[in-house]
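The next block is final-v8.cif, given as mmCIF, C-alpha atoms (C1' of nucleotides).
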```cif
data_target
loop_
_atom_site.group_PDB
_atom_site.id
_atom_site.type_symbol
_atom_site.label_atom_id
_atom_site.label_comp_id
_atom_site.auth_asym_id
_atom_site.auth_seq_id
_atom_site.Cartn_x
_atom_site.Cartn_y
_atom_site.Cartn_z
ATOM 1 C CA MET Y 1 99.179 -108.470 78.391
ATOM 2 C CA ALA Y 2 101.030 -106.182 76.016
ATOM 3 C CA ALA Y 3 101.199 -103.454 78.621
ATOM 4 C CA ASP Y 4 102.328 -105.815 81.296
ATOM 5 C CA ASP Y 5 105.312 -107.618 79.874
ATOM 6 C CA GLU Y 6 107.131 -105.119 77.733
ATOM 7 C CA ASN Y 7 108.313 -102.841 80.493
ATOM 8 C CA ARG Y 8 111.846 -104.109 80.984
ATOM 9 C CA GLY Y 9 115.449 -103.277 80.122
ATOM 10 C CA SER Y 10 116.640 -99.703 80.271
ATOM 11 C CA LEU Y 11 113.419 -98.100 78.983
ATOM 12 C CA GLU Y 12 111.665 -95.821 81.416
ATOM 13 C CA GLN Y 13 108.031 -96.565 82.095
ATOM 14 C CA SER Y 14 106.836 -93.294 80.676
ATOM 15 C CA GLU Y 15 108.132 -94.054 77.192
ATOM 16 C CA VAL Y 16 106.391 -97.354 76.956
ATOM 17 C CA ASP Y 17 103.219 -95.883 78.396
ATOM 18 C CA GLU Y 18 103.142 -93.151 75.811
ATOM 19 C CA ASP Y 19 103.534 -95.652 73.026
ATOM 20 C CA LEU Y 20 100.592 -97.638 74.283
ATOM 21 C CA VAL Y 21 98.501 -94.532 74.829
ATOM 22 C CA ALA Y 22 99.215 -93.328 71.295
ATOM 23 C CA GLN Y 23 98.388 -96.722 69.902
ATOM 24 C CA VAL Y 24 95.075 -96.951 71.725
ATOM 25 C CA ARG Y 25 94.248 -93.350 70.882
ATOM 26 C CA GLU Y 26 94.469 -94.146 67.177
ATOM 27 C CA LYS Y 27 91.867 -96.839 67.513
ATOM 28 C CA MET Y 28 89.434 -94.762 69.568
ATOM 29 C CA PRO Y 29 86.286 -93.490 67.841
ATOM 30 C CA GLU Y 30 85.585 -89.778 67.766
ATOM 31 C CA ASP Y 31 84.086 -88.209 70.850
ATOM 32 C CA GLU Y 32 80.649 -87.626 69.380
ATOM 33 C CA PRO Y 33 79.514 -91.218 68.793
ATOM 34 C CA LEU Y 34 80.800 -92.088 72.253
ATOM 35 C CA TYR Y 35 78.746 -89.284 73.769
ATOM 36 C CA ASP Y 36 75.725 -90.494 71.854
ATOM 37 C CA LEU Y 37 76.280 -94.025 73.052
ATOM 38 C CA ALA Y 38 76.465 -92.826 76.643
ATOM 39 C CA GLU Y 39 73.245 -90.861 76.112
ATOM 40 C CA LEU Y 40 71.511 -93.993 74.851
ATOM 41 C CA PHE Y 41 72.558 -96.047 77.858
ATOM 42 C CA LYS Y 42 71.589 -93.191 80.147
ATOM 43 C CA VAL Y 43 68.066 -93.625 78.855
ATOM 44 C CA PHE Y 44 68.200 -97.311 79.774
ATOM 45 C CA GLY Y 45 69.651 -96.454 83.172
ATOM 46 C CA ASP Y 46 66.387 -95.872 85.001
ATOM 47 C CA SER Y 47 64.154 -98.619 86.332
ATOM 48 C CA THR Y 48 60.926 -96.865 85.387
ATOM 49 C CA ARG Y 49 61.989 -96.617 81.767
ATOM 50 C CA ILE Y 50 63.268 -100.197 81.855
ATOM 51 C CA LYS Y 51 59.846 -101.302 83.054
ATOM 52 C CA ILE Y 52 58.053 -99.278 80.396
ATOM 53 C CA ILE Y 53 60.181 -100.820 77.671
ATOM 54 C CA TRP Y 54 59.729 -104.289 79.054
ATOM 55 C CA ALA Y 55 55.970 -103.788 79.100
ATOM 56 C CA LEU Y 56 56.069 -102.650 75.488
ATOM 57 C CA PHE Y 57 57.840 -105.890 74.581
ATOM 58 C CA GLU Y 58 54.480 -107.540 75.275
ATOM 59 C CA SER Y 59 52.061 -105.066 73.741
ATOM 60 C CA ASP Y 60 51.676 -101.470 72.738
ATOM 61 C CA MET Y 61 49.883 -99.610 75.493
ATOM 62 C CA SER Y 62 48.346 -96.260 76.323
ATOM 63 C CA VAL Y 63 49.907 -93.877 78.806
ATOM 64 C CA GLY Y 64 47.151 -94.643 81.293
ATOM 65 C CA ASP Y 65 47.642 -98.383 80.934
ATOM 66 C CA ILE Y 66 51.332 -98.078 81.662
ATOM 67 C CA ALA Y 67 50.714 -95.817 84.646
ATOM 68 C CA ASN Y 68 48.225 -98.348 85.936
ATOM 69 C CA LEU Y 69 50.580 -101.267 85.365
ATOM 70 C CA LEU Y 70 53.468 -99.610 87.179
ATOM 71 C CA ASN Y 71 51.385 -97.902 89.891
ATOM 72 C CA MET Y 72 52.668 -94.495 88.952
ATOM 73 C CA THR Y 73 51.102 -91.185 87.963
ATOM 74 C CA GLN Y 74 50.225 -90.494 84.360
ATOM 75 C CA SER Y 75 52.427 -87.435 84.541
ATOM 76 C CA ALA Y 76 55.509 -89.368 85.554
ATOM 77 C CA ILE Y 77 54.937 -91.892 82.779
ATOM 78 C CA SER Y 78 54.323 -89.171 80.233
ATOM 79 C CA HIS Y 79 57.579 -87.483 81.168
ATOM 80 C CA GLN Y 80 59.474 -90.729 80.784
ATOM 81 C CA LEU Y 81 57.805 -91.552 77.484
ATOM 82 C CA ARG Y 82 59.067 -88.251 76.200
ATOM 83 C CA VAL Y 83 62.602 -89.252 77.100
ATOM 84 C CA LEU Y 84 62.123 -92.542 75.259
ATOM 85 C CA LYS Y 85 60.614 -90.744 72.303
ATOM 86 C CA ASN Y 86 63.502 -88.276 72.114
ATOM 87 C CA ALA Y 87 65.890 -91.220 72.022
ATOM 88 C CA ARG Y 88 63.840 -92.660 69.142
ATOM 89 C CA LEU Y 89 63.156 -95.782 71.165
ATOM 90 C CA VAL Y 90 59.345 -95.590 71.058
ATOM 91 C CA LYS Y 91 56.786 -94.277 68.635
ATOM 92 C CA TYR Y 92 53.154 -93.343 69.251
ATOM 93 C CA LYS Y 93 49.810 -93.473 67.514
ATOM 94 C CA LYS Y 94 46.856 -91.304 68.523
ATOM 95 C CA SER Y 95 43.413 -92.834 68.647
ATOM 96 C CA GLY Y 96 40.809 -90.376 69.878
ATOM 97 C CA LYS Y 97 41.786 -89.139 73.269
ATOM 98 C CA THR Y 98 44.261 -91.883 74.023
ATOM 99 C CA VAL Y 99 47.808 -92.274 72.770
ATOM 100 C CA TYR Y 100 49.298 -95.700 72.205
ATOM 101 C CA TYR Y 101 53.018 -96.164 72.497
ATOM 102 C CA SER Y 102 55.073 -98.950 70.955
ATOM 103 C CA LEU Y 103 58.719 -99.848 70.537
ATOM 104 C CA ASN Y 104 60.588 -98.364 67.632
ATOM 105 C CA ASP Y 105 63.826 -100.325 67.601
ATOM 106 C CA ASP Y 106 64.721 -103.951 67.060
ATOM 107 C CA HIS Y 107 68.018 -103.736 68.929
ATOM 108 C CA ILE Y 108 66.515 -103.038 72.319
ATOM 109 C CA LYS Y 109 65.444 -106.575 73.088
ATOM 110 C CA LYS Y 110 68.861 -108.006 72.269
ATOM 111 C CA ILE Y 111 70.605 -105.321 74.300
ATOM 112 C CA PHE Y 112 68.376 -106.133 77.264
ATOM 113 C CA GLU Y 113 68.983 -109.868 76.887
ATOM 114 C CA LEU Y 114 72.741 -109.373 76.865
ATOM 115 C CA GLY Y 115 72.463 -107.081 79.865
ATOM 116 C CA MET Y 116 70.479 -109.726 81.702
ATOM 117 C CA GLU Y 117 73.150 -112.298 80.914
ATOM 118 C CA HIS Y 118 75.686 -110.101 82.661
ATOM 119 C CA ILE Y 119 73.402 -109.706 85.669
ATOM 120 C CA MET Y 120 72.945 -113.441 85.988
ATOM 121 C CA GLU Y 121 76.643 -114.280 85.726
ATOM 122 C CA MET N 1 47.274 -103.552 67.734
ATOM 123 C CA ALA N 2 45.473 -105.634 70.304
ATOM 124 C CA ALA N 3 44.956 -102.629 72.491
ATOM 125 C CA ASP N 4 43.761 -100.476 69.639
ATOM 126 C CA ASP N 5 40.965 -102.392 67.933
ATOM 127 C CA GLU N 6 39.108 -104.264 70.629
ATOM 128 C CA ASN N 7 37.475 -101.268 72.236
ATOM 129 C CA ARG N 8 33.994 -101.459 70.686
ATOM 130 C CA GLY N 9 30.472 -102.543 71.484
ATOM 131 C CA SER N 10 29.077 -101.857 74.937
ATOM 132 C CA LEU N 11 32.282 -102.490 76.890
ATOM 133 C CA GLU N 12 33.689 -99.523 78.701
ATOM 134 C CA GLN N 13 37.314 -98.672 78.046
ATOM 135 C CA SER N 14 38.385 -99.360 81.572
ATOM 136 C CA GLU N 15 37.493 -103.045 81.422
ATOM 137 C CA VAL N 16 39.538 -103.667 78.332
ATOM 138 C CA ASP N 17 42.438 -101.705 79.727
ATOM 139 C CA GLU N 18 42.476 -103.718 82.910
ATOM 140 C CA ASP N 19 42.542 -106.951 80.982
ATOM 141 C CA LEU N 20 45.541 -105.807 79.020
ATOM 142 C CA VAL N 21 47.286 -104.505 82.110
ATOM 143 C CA ALA N 22 46.739 -107.783 83.926
ATOM 144 C CA GLN N 23 47.999 -109.726 80.966
ATOM 145 C CA VAL N 24 51.162 -107.678 80.637
ATOM 146 C CA ARG N 25 51.727 -107.736 84.380
ATOM 147 C CA GLU N 26 51.856 -111.525 84.327
ATOM 148 C CA LYS N 27 54.673 -111.487 81.835
ATOM 149 C CA MET N 28 56.732 -108.844 83.653
ATOM 150 C CA PRO N 29 59.869 -110.003 85.479
ATOM 151 C CA GLU N 30 60.228 -109.310 89.177
ATOM 152 C CA ASP N 31 61.352 -105.848 90.206
ATOM 153 C CA GLU N 32 64.802 -106.861 91.336
ATOM 154 C CA PRO N 33 66.315 -108.021 88.030
ATOM 155 C CA LEU N 34 64.859 -104.931 86.382
ATOM 156 C CA TYR N 35 66.517 -102.712 88.984
ATOM 157 C CA ASP N 36 69.786 -104.533 88.423
ATOM 158 C CA LEU N 37 69.473 -104.093 84.685
ATOM 159 C CA ALA N 38 68.918 -100.366 85.128
ATOM 160 C CA GLU N 39 71.961 -100.219 87.403
ATOM 161 C CA LEU N 40 74.077 -101.896 84.738
ATOM 162 C CA PHE N 41 72.993 -99.455 82.048
ATOM 163 C CA LYS N 42 73.514 -96.571 84.444
ATOM 164 C CA VAL N 43 77.169 -97.587 84.541
ATOM 165 C CA PHE N 44 77.303 -97.415 80.758
ATOM 166 C CA GLY N 45 75.522 -94.057 80.798
ATOM 167 C CA ASP N 46 78.565 -91.850 81.261
ATOM 168 C CA SER N 47 80.927 -90.872 78.485
ATOM 169 C CA THR N 48 84.046 -91.156 80.629
ATOM 170 C CA ARG N 49 83.233 -94.747 81.505
ATOM 171 C CA ILE N 50 82.301 -95.456 77.892
ATOM 172 C CA LYS N 51 85.701 -94.187 76.832
ATOM 173 C CA ILE N 52 87.500 -96.218 79.477
ATOM 174 C CA ILE N 53 85.742 -99.374 78.360
ATOM 175 C CA TRP N 54 86.404 -98.647 74.719
ATOM 176 C CA ALA N 55 90.090 -98.152 75.495
ATOM 177 C CA LEU N 56 90.161 -101.472 77.320
ATOM 178 C CA PHE N 57 88.771 -103.148 74.207
ATOM 179 C CA GLU N 58 92.189 -102.475 72.704
ATOM 180 C CA SER N 59 94.479 -103.252 75.604
ATOM 181 C CA ASP N 60 94.590 -103.492 79.336
ATOM 182 C CA MET N 61 96.008 -100.283 80.741
ATOM 183 C CA SER N 62 97.191 -98.687 83.952
ATOM 184 C CA VAL N 63 95.209 -95.945 85.679
ATOM 185 C CA GLY N 64 97.805 -93.383 84.623
ATOM 186 C CA ASP N 65 97.686 -94.522 81.014
ATOM 187 C CA ILE N 66 93.947 -94.099 80.892
ATOM 188 C CA ALA N 67 94.101 -90.688 82.542
ATOM 189 C CA ASN N 68 96.723 -89.682 79.992
ATOM 190 C CA LEU N 69 94.695 -91.030 77.094
ATOM 191 C CA LEU N 70 91.538 -89.203 78.132
ATOM 192 C CA ASN N 71 93.229 -86.033 79.413
ATOM 193 C CA MET N 72 91.721 -86.404 82.842
ATOM 194 C CA THR N 73 93.044 -86.602 86.393
ATOM 195 C CA GLN N 74 94.102 -89.926 87.827
ATOM 196 C CA SER N 75 91.651 -89.346 90.626
ATOM 197 C CA ALA N 76 88.698 -89.022 88.293
ATOM 198 C CA ILE N 77 89.708 -92.165 86.432
ATOM 199 C CA SER N 78 90.267 -94.072 89.638
ATOM 200 C CA HIS N 79 86.794 -93.135 90.870
ATOM 201 C CA GLN N 80 85.255 -94.322 87.624
ATOM 202 C CA LEU N 81 87.241 -97.541 87.615
ATOM 203 C CA ARG N 82 85.800 -98.285 91.000
ATOM 204 C CA VAL N 83 82.307 -97.941 89.567
ATOM 205 C CA LEU N 84 83.223 -100.321 86.759
ATOM 206 C CA LYS N 85 84.795 -102.722 89.222
ATOM 207 C CA ASN N 86 81.725 -102.695 91.454
ATOM 208 C CA ALA N 87 79.625 -103.592 88.430
ATOM 209 C CA ARG N 88 82.034 -106.466 87.759
ATOM 210 C CA LEU N 89 82.833 -105.058 84.341
ATOM 211 C CA VAL N 90 86.602 -104.754 84.849
ATOM 212 C CA LYS N 91 89.230 -106.609 86.820
ATOM 213 C CA TYR N 92 92.688 -105.479 87.861
ATOM 214 C CA LYS N 93 96.160 -106.861 88.328
ATOM 215 C CA LYS N 94 98.812 -105.167 90.444
ATOM 216 C CA SER N 95 102.359 -105.016 89.149
ATOM 217 C CA GLY N 96 104.619 -103.125 91.505
ATOM 218 C CA LYS N 97 103.260 -99.636 91.976
ATOM 219 C CA THR N 98 101.011 -99.676 88.973
ATOM 220 C CA VAL N 99 97.614 -101.314 88.581
ATOM 221 C CA TYR N 100 96.496 -102.692 85.252
ATOM 222 C CA TYR N 101 92.821 -102.854 84.479
ATOM 223 C CA SER N 102 91.167 -105.083 81.911
ATOM 224 C CA LEU N 103 87.660 -106.023 80.842
ATOM 225 C CA ASN N 104 85.902 -108.740 82.721
ATOM 226 C CA ASP N 105 82.840 -109.466 80.588
ATOM 227 C CA ASP N 106 82.349 -110.775 77.079
ATOM 228 C CA HIS N 107 78.908 -109.219 76.662
ATOM 229 C CA ILE N 108 80.085 -105.634 76.772
ATOM 230 C CA LYS N 109 81.420 -105.476 73.249
ATOM 231 C CA LYS N 110 78.215 -106.855 71.759
ATOM 232 C CA ILE N 111 76.078 -104.524 73.840
ATOM 233 C CA PHE N 112 78.146 -101.573 72.634
ATOM 234 C CA GLU N 113 77.919 -102.714 69.023
ATOM 235 C CA LEU N 114 74.140 -103.002 69.221
ATOM 236 C CA GLY N 115 73.963 -99.610 70.881
ATOM 237 C CA MET N 116 76.041 -98.123 68.078
ATOM 238 C CA GLU N 117 73.696 -99.645 65.524
ATOM 239 C CA HIS N 118 70.839 -97.756 67.122
ATOM 240 C CA ILE N 119 72.836 -94.525 67.088
ATOM 241 C CA MET N 120 73.623 -94.883 63.402
ATOM 242 C CA GLU N 121 70.048 -95.656 62.373
ATOM 243 C "C1'" DT B 1 114.704 -94.583 107.333
ATOM 244 C "C1'" DG B 2 113.288 -91.214 104.074
ATOM 245 C "C1'" DC B 3 111.763 -90.099 99.385
ATOM 246 C "C1'" DT B 4 109.249 -90.698 95.169
ATOM 247 C "C1'" DC B 5 105.756 -92.498 92.355
ATOM 248 C "C1'" DA B 6 101.028 -94.748 91.314
ATOM 249 C "C1'" DT B 7 96.837 -95.247 93.036
ATOM 250 C "C1'" DT B 8 92.992 -94.803 96.277
ATOM 251 C "C1'" DT B 9 89.881 -92.436 99.208
ATOM 252 C "C1'" DG B 10 86.700 -88.956 101.270
ATOM 253 C "C1'" DA B 11 84.582 -84.525 101.488
ATOM 254 C "C1'" DA B 12 82.821 -80.702 98.921
ATOM 255 C "C1'" DC B 13 80.672 -78.704 95.112
ATOM 256 C "C1'" DA B 14 78.026 -77.926 90.975
ATOM 257 C "C1'" DT B 15 75.108 -80.288 87.758
ATOM 258 C "C1'" DT B 16 71.817 -83.504 86.345
ATOM 259 C "C1'" DT B 17 67.752 -86.184 87.035
ATOM 260 C "C1'" DG B 18 62.987 -88.255 88.363
ATOM 261 C "C1'" DT B 19 58.832 -87.297 90.550
ATOM 262 C "C1'" DT B 20 55.102 -84.344 92.111
ATOM 263 C "C1'" DC B 21 51.841 -80.798 91.683
ATOM 264 C "C1'" DA B 22 49.208 -77.604 89.206
ATOM 265 C "C1'" DT B 23 47.896 -76.218 84.899
ATOM 266 C "C1'" DA B 24 47.350 -76.415 79.866
ATOM 267 C "C1'" DT B 25 46.104 -78.732 75.553
ATOM 268 C "C1'" DG B 26 43.166 -81.370 72.810
ATOM 269 C "C1'" DT B 27 39.446 -84.624 71.745
ATOM 270 C "C1'" DA B 28 34.799 -86.558 72.254
ATOM 271 C "C1'" DA B 29 30.137 -86.446 73.956
ATOM 272 C "C1'" DT B 30 26.035 -84.105 75.798
ATOM 273 C "C1'" DA H 1 29.174 -74.028 74.733
ATOM 274 C "C1'" DT H 2 30.131 -76.949 78.491
ATOM 275 C "C1'" DT H 3 31.651 -81.012 80.593
ATOM 276 C "C1'" DA H 4 34.580 -84.995 81.027
ATOM 277 C "C1'" DC H 5 38.549 -87.517 79.966
ATOM 278 C "C1'" DA H 6 43.546 -88.594 78.282
ATOM 279 C "C1'" DT H 7 47.676 -86.704 77.796
ATOM 280 C "C1'" DA H 8 51.297 -83.156 77.858
ATOM 281 C "C1'" DT H 9 53.905 -79.521 79.953
ATOM 282 C "C1'" DG H 10 56.488 -76.464 83.201
ATOM 283 C "C1'" DA H 11 58.145 -75.165 87.655
ATOM 284 C "C1'" DA H 12 59.858 -76.832 91.962
ATOM 285 C "C1'" DC H 13 62.089 -79.938 94.926
ATOM 286 C "C1'" DA H 14 64.837 -83.773 96.665
ATOM 287 C "C1'" DA H 15 68.090 -87.209 95.458
ATOM 288 C "C1'" DA H 16 71.832 -88.940 92.757
ATOM 289 C "C1'" DT H 17 76.059 -88.180 90.151
ATOM 290 C "C1'" DG H 18 80.897 -86.714 88.237
ATOM 291 C "C1'" DT H 19 84.819 -84.021 89.031
ATOM 292 C "C1'" DT H 20 88.107 -81.592 91.899
ATOM 293 C "C1'" DC H 21 91.026 -81.026 95.720
ATOM 294 C "C1'" DA H 22 93.618 -82.554 99.562
ATOM 295 C "C1'" DA H 23 95.232 -86.177 102.027
ATOM 296 C "C1'" DA H 24 96.134 -91.225 102.782
ATOM 297 C "C1'" DT H 25 97.892 -95.735 101.413
ATOM 298 C "C1'" DG H 26 101.298 -98.665 99.628
ATOM 299 C "C1'" DA H 27 105.179 -100.300 96.927
ATOM 300 C "C1'" DG H 28 109.949 -99.621 95.135
ATOM 301 C "C1'" DC H 29 114.386 -97.365 95.605
ATOM 302 C "C1'" DA H 30 118.442 -94.282 97.465
#
```
Would you encode the structure as structure tokens?
Amino acid sequence: MAADDENRGSLEQSEVDEDLVAQVREKMPEDEPLYDLAELFKVFGDSTRIKIIWALFESDMSVGDIANLLNMTQSAISHQLRVLKNARLVKYKKSGKTVYYSLNDDHIKKIFELGMEHIME
Amino acid sequence: MAADDENRGSLEQSEVDEDLVAQVREKMPEDEPLYDLAELFKVFGDSTRIKIIWALFESDMSVGDIANLLNMTQSAISHQLRVLKNARLVKYKKSGKTVYYSLNDDHIKKIFELGMEHIME
DNA sequence: TGCTCATTTGAACATTTGTTCATATGTAAT
DNA sequence: ATTACATATGAACAAATGTTCAAATGAGCA
């Protein structure tokens, strides 16, 4: 709206544009949190990891259980769990030979729900 | 919890595991919405697109404005806007030679806020 | 018509990413 | 110690991705 209607009279486009750009630039966060945010969503941007997280909504599970559930190799699941662990999205608890993973963040479910709302629109 | 404590007595591990897997499998959504959800987050998983969206929180802007703001080529921005458009996250309005883009979804801001909360934790 | 400006498009390229395979680590039982 | 089992790790490979460059489209203006 603002950008659309104020480009009249004798002003050249470029002047108005630069005003708007400067104005928006002031309000922009620093680069680093935006990089971090992109990194977080990158972690969500893979269907295997989405499935793992969704499974963990229901119950904590071992690596083998998850591999079984998703019909994938233990190795593939283990690699992906490491990604989730690095993003501090899951935590784990060792019990003998097996390792049980569980979710580590309360925001995930809400983020997923909002994402689903967009999908369904 | 459930998976951790019920493995006693004469039952072999595998039986218990399969019960849990079956139980979780029942509650899992179909593959397709999970793929779509991953695709949505994939769009958010790039810092250029994150920056574009954040800029559009403030004001709708032309392609050139955004390129100027982010110190990137128009071509790069245009490519990314197409990704955002395909995901139905932005819409555009032509005005003469210039094209103004704006956000098309109310969920985005909340998703970003929740994501930021995780980052800050 | 011809020229300029804003944007779009497609091919090319380097980089990143997810899975597989083979191997290593670590724990429990015999 | 040796075996078996659960998980983790590293290298290798194919597939996907973001930017650049050059060229195309399309709209206003001389």
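Atom C1' of H:DT20 sits 10.8 Å away from atom C1' of B:DA14.
All of the residues in chain Y within 12 Å of chain B are Gln13, Ser14, Lys42, Val43, Gly45, Asp46, Ser47, Thr48, Arg49, Met72, Thr73, Gln74, Ser75, Ala76, Ile77, Ser78, His79, Gln80, Val83, Lys94, Ser95, Gly96, Lys97, Thr98 and Val99 of chain Y, where all atoms listed in the file were counted.
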Could you give me, as a VMD selection string, the residues within 12 Å of Y:His107, counting all atoms listed in the file and dropping anything in the same chain fewer than 2 positions from it?
(chain Y and resid 40 57 88 to 89 103 to 105 109 to 114) or (chain N and resid 110 to 121)
Box centre and edge lengths (Å, one decimal), axis-aligned, stretch 34-47 of chain Y plus 6 Å each side, as lines of an AutoDock Vina configuration file:
```
center_x = 72.5
center_y = -94.0
center_z = 79.1
size_x = 28.6
size_y = 21.3
size_z = 26.5
```
Output chain N as a short mmCIF file (atom, residue, chain, number, x, y, z; two decimals) with C-alpha atoms, keeping the file's coordinate frame, after least-squares fitting it to chain Y on all in-order C-alpha pairs.
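Below you can see superposed36.cif, which holds the result:
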```cif
data_model
loop_
_atom_site.label_atom_id
_atom_site.label_comp_id
_atom_site.auth_asym_id
_atom_site.auth_seq_id
_atom_site.Cartn_x
_atom_site.Cartn_y
_atom_site.Cartn_z
CA MET N 1 99.50 -108.49 78.59
CA ALA N 2 101.29 -106.22 76.19
CA ALA N 3 101.37 -103.46 78.73
CA ASP N 4 102.57 -105.73 81.49
CA ASP N 5 105.65 -107.51 80.17
CA GLU N 6 107.46 -105.06 77.94
CA ASN N 7 108.69 -102.77 80.68
CA ARG N 8 112.28 -104.00 81.06
CA GLY N 9 115.82 -103.11 80.11
CA SER N 10 116.88 -99.48 80.21
CA LEU N 11 113.61 -97.98 78.96
CA GLU N 12 111.81 -95.77 81.39
CA GLN N 13 108.18 -96.58 82.08
CA SER N 14 106.92 -93.36 80.63
CA GLU N 15 108.15 -94.13 77.13
CA VAL N 16 106.41 -97.45 76.97
CA ASP N 17 103.25 -95.98 78.39
CA GLU N 18 103.16 -93.26 75.79
CA ASP N 19 103.53 -95.76 73.01
CA LEU N 20 100.60 -97.73 74.29
CA VAL N 21 98.51 -94.62 74.82
CA ALA N 22 99.22 -93.42 71.30
CA GLN N 23 98.37 -96.80 69.89
CA VAL N 24 95.07 -97.02 71.71
CA ARG N 25 94.23 -93.42 70.87
CA GLU N 26 94.46 -94.21 67.17
CA LYS N 27 91.84 -96.89 67.49
CA MET N 28 89.42 -94.80 69.55
CA PRO N 29 86.28 -93.52 67.82
CA GLU N 30 85.58 -89.81 67.74
CA ASP N 31 84.07 -88.24 70.83
CA GLU N 32 80.65 -87.65 69.36
CA PRO N 33 79.50 -91.24 68.76
CA LEU N 34 80.79 -92.13 72.22
CA TYR N 35 78.74 -89.31 73.75
CA ASP N 36 75.71 -90.50 71.83
CA LEU N 37 76.25 -94.04 73.02
CA ALA N 38 76.43 -92.85 76.62
CA GLU N 39 73.22 -90.87 76.08
CA LEU N 40 71.47 -93.99 74.81
CA PHE N 41 72.53 -96.06 77.81
CA LYS N 42 71.56 -93.21 80.11
CA VAL N 43 68.02 -93.64 78.82
CA PHE N 44 68.15 -97.32 79.73
CA GLY N 45 69.61 -96.48 83.14
CA ASP N 46 66.35 -95.88 84.97
CA SER N 47 64.12 -98.62 86.30
CA THR N 48 60.89 -96.86 85.36
CA ARG N 49 61.96 -96.62 81.74
CA ILE N 50 63.22 -100.20 81.83
CA LYS N 51 59.81 -101.30 83.02
CA ILE N 52 58.01 -99.27 80.38
CA ILE N 53 60.13 -100.80 77.65
CA TRP N 54 59.68 -104.28 79.03
CA ALA N 55 55.91 -103.76 79.08
CA LEU N 56 56.02 -102.62 75.47
CA PHE N 57 57.78 -105.86 74.55
CA GLU N 58 54.44 -107.51 75.24
CA SER N 59 52.02 -105.03 73.74
CA ASP N 60 51.65 -101.44 72.76
CA MET N 61 49.85 -99.58 75.51
CA SER N 62 48.29 -96.25 76.34
CA VAL N 63 49.87 -93.85 78.83
CA GLY N 64 47.14 -94.63 81.35
CA ASP N 65 47.63 -98.37 80.95
CA ILE N 66 51.31 -98.07 81.68
CA ALA N 67 50.72 -95.82 84.67
CA ASN N 68 48.21 -98.36 85.96
CA LEU N 69 50.57 -101.26 85.37
CA LEU N 70 53.45 -99.61 87.19
CA ASN N 71 51.39 -97.91 89.91
CA MET N 72 52.67 -94.49 88.98
CA THR N 73 51.11 -91.18 87.99
CA GLN N 74 50.26 -90.51 84.37
CA SER N 75 52.43 -87.44 84.57
CA ALA N 76 55.50 -89.39 85.58
CA ILE N 77 54.93 -91.90 82.79
CA SER N 78 54.31 -89.18 80.25
CA HIS N 79 57.58 -87.48 81.19
CA GLN N 80 59.46 -90.74 80.79
CA LEU N 81 57.79 -91.54 77.49
CA ARG N 82 59.04 -88.25 76.21
CA VAL N 83 62.58 -89.26 77.09
CA LEU N 84 62.10 -92.54 75.25
CA LYS N 85 60.58 -90.74 72.30
CA ASN N 86 63.46 -88.27 72.12
CA ALA N 87 65.85 -91.21 72.00
CA ARG N 88 63.77 -92.63 69.14
CA LEU N 89 63.10 -95.78 71.13
CA VAL N 90 59.29 -95.56 71.04
CA LYS N 91 56.71 -94.23 68.64
CA TYR N 92 53.09 -93.31 69.27
CA LYS N 93 49.74 -93.43 67.57
CA LYS N 94 46.79 -91.28 68.60
CA SER N 95 43.35 -92.84 68.74
CA GLY N 96 40.76 -90.38 69.95
CA LYS N 97 41.75 -89.13 73.37
CA THR N 98 44.21 -91.87 74.09
CA VAL N 99 47.76 -92.26 72.83
CA TYR N 100 49.25 -95.67 72.22
CA TYR N 101 52.97 -96.13 72.50
CA SER N 102 55.01 -98.91 70.95
CA LEU N 103 58.66 -99.82 70.51
CA ASN N 104 60.51 -98.34 67.62
CA ASP N 105 63.78 -100.29 67.56
CA ASP N 106 64.65 -103.92 67.02
CA HIS N 107 67.95 -103.72 68.88
CA ILE N 108 66.45 -103.03 72.27
CA LYS N 109 65.37 -106.57 73.02
CA LYS N 110 68.79 -108.00 72.21
CA ILE N 111 70.54 -105.33 74.24
CA PHE N 112 68.30 -106.13 77.21
CA GLU N 113 68.90 -109.86 76.82
CA LEU N 114 72.67 -109.37 76.79
CA GLY N 115 72.41 -107.09 79.79
CA MET N 116 70.41 -109.73 81.64
CA GLU N 117 73.07 -112.31 80.84
CA HIS N 118 75.61 -110.13 82.58
CA ILE N 119 73.34 -109.72 85.60
CA MET N 120 72.86 -113.47 85.91
CA GLU N 121 76.56 -114.30 85.63
#
```
Could you give me, as a ChimeraX atom specification, the residues within 10 Å of stretch 29-31 of chain N, counting all atoms listed in the file and dropping anything in the same chain fewer than 6 positions from it?
/Y:47,51,54-55 /N:37
Pick out the chain H residues within 8 Å of chain N. Count all atoms listed in the file. Give them as a PyMOL selection string.
chain H and resi 19+26-28
Give me, please, the distance in Å between atom C1' of H:DA14 and atom CA of Y:Tyr101, quoted to one decimal.
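Between atom C1' of H:DA14 and atom CA of Y:Tyr101 the gap works out to 29.6 Å.
When atom CA of N:Val90 is paired with atom CA of N:Ser102, their separation reads 5.4 Å.
Minimum distance to chain N across Y:Glu32, Y:Gly64, Y:Leu56, Y:Ala38 (counting only C-alpha atoms) occurs at Y:Ala38.
Among the candidates Y:Leu84, Y:Asp106, Y:Asp65, Y:Lys93, the residue lying nearest to Y:Ile53 is Y:Leu84 (atoms considered: only C-alpha atoms).
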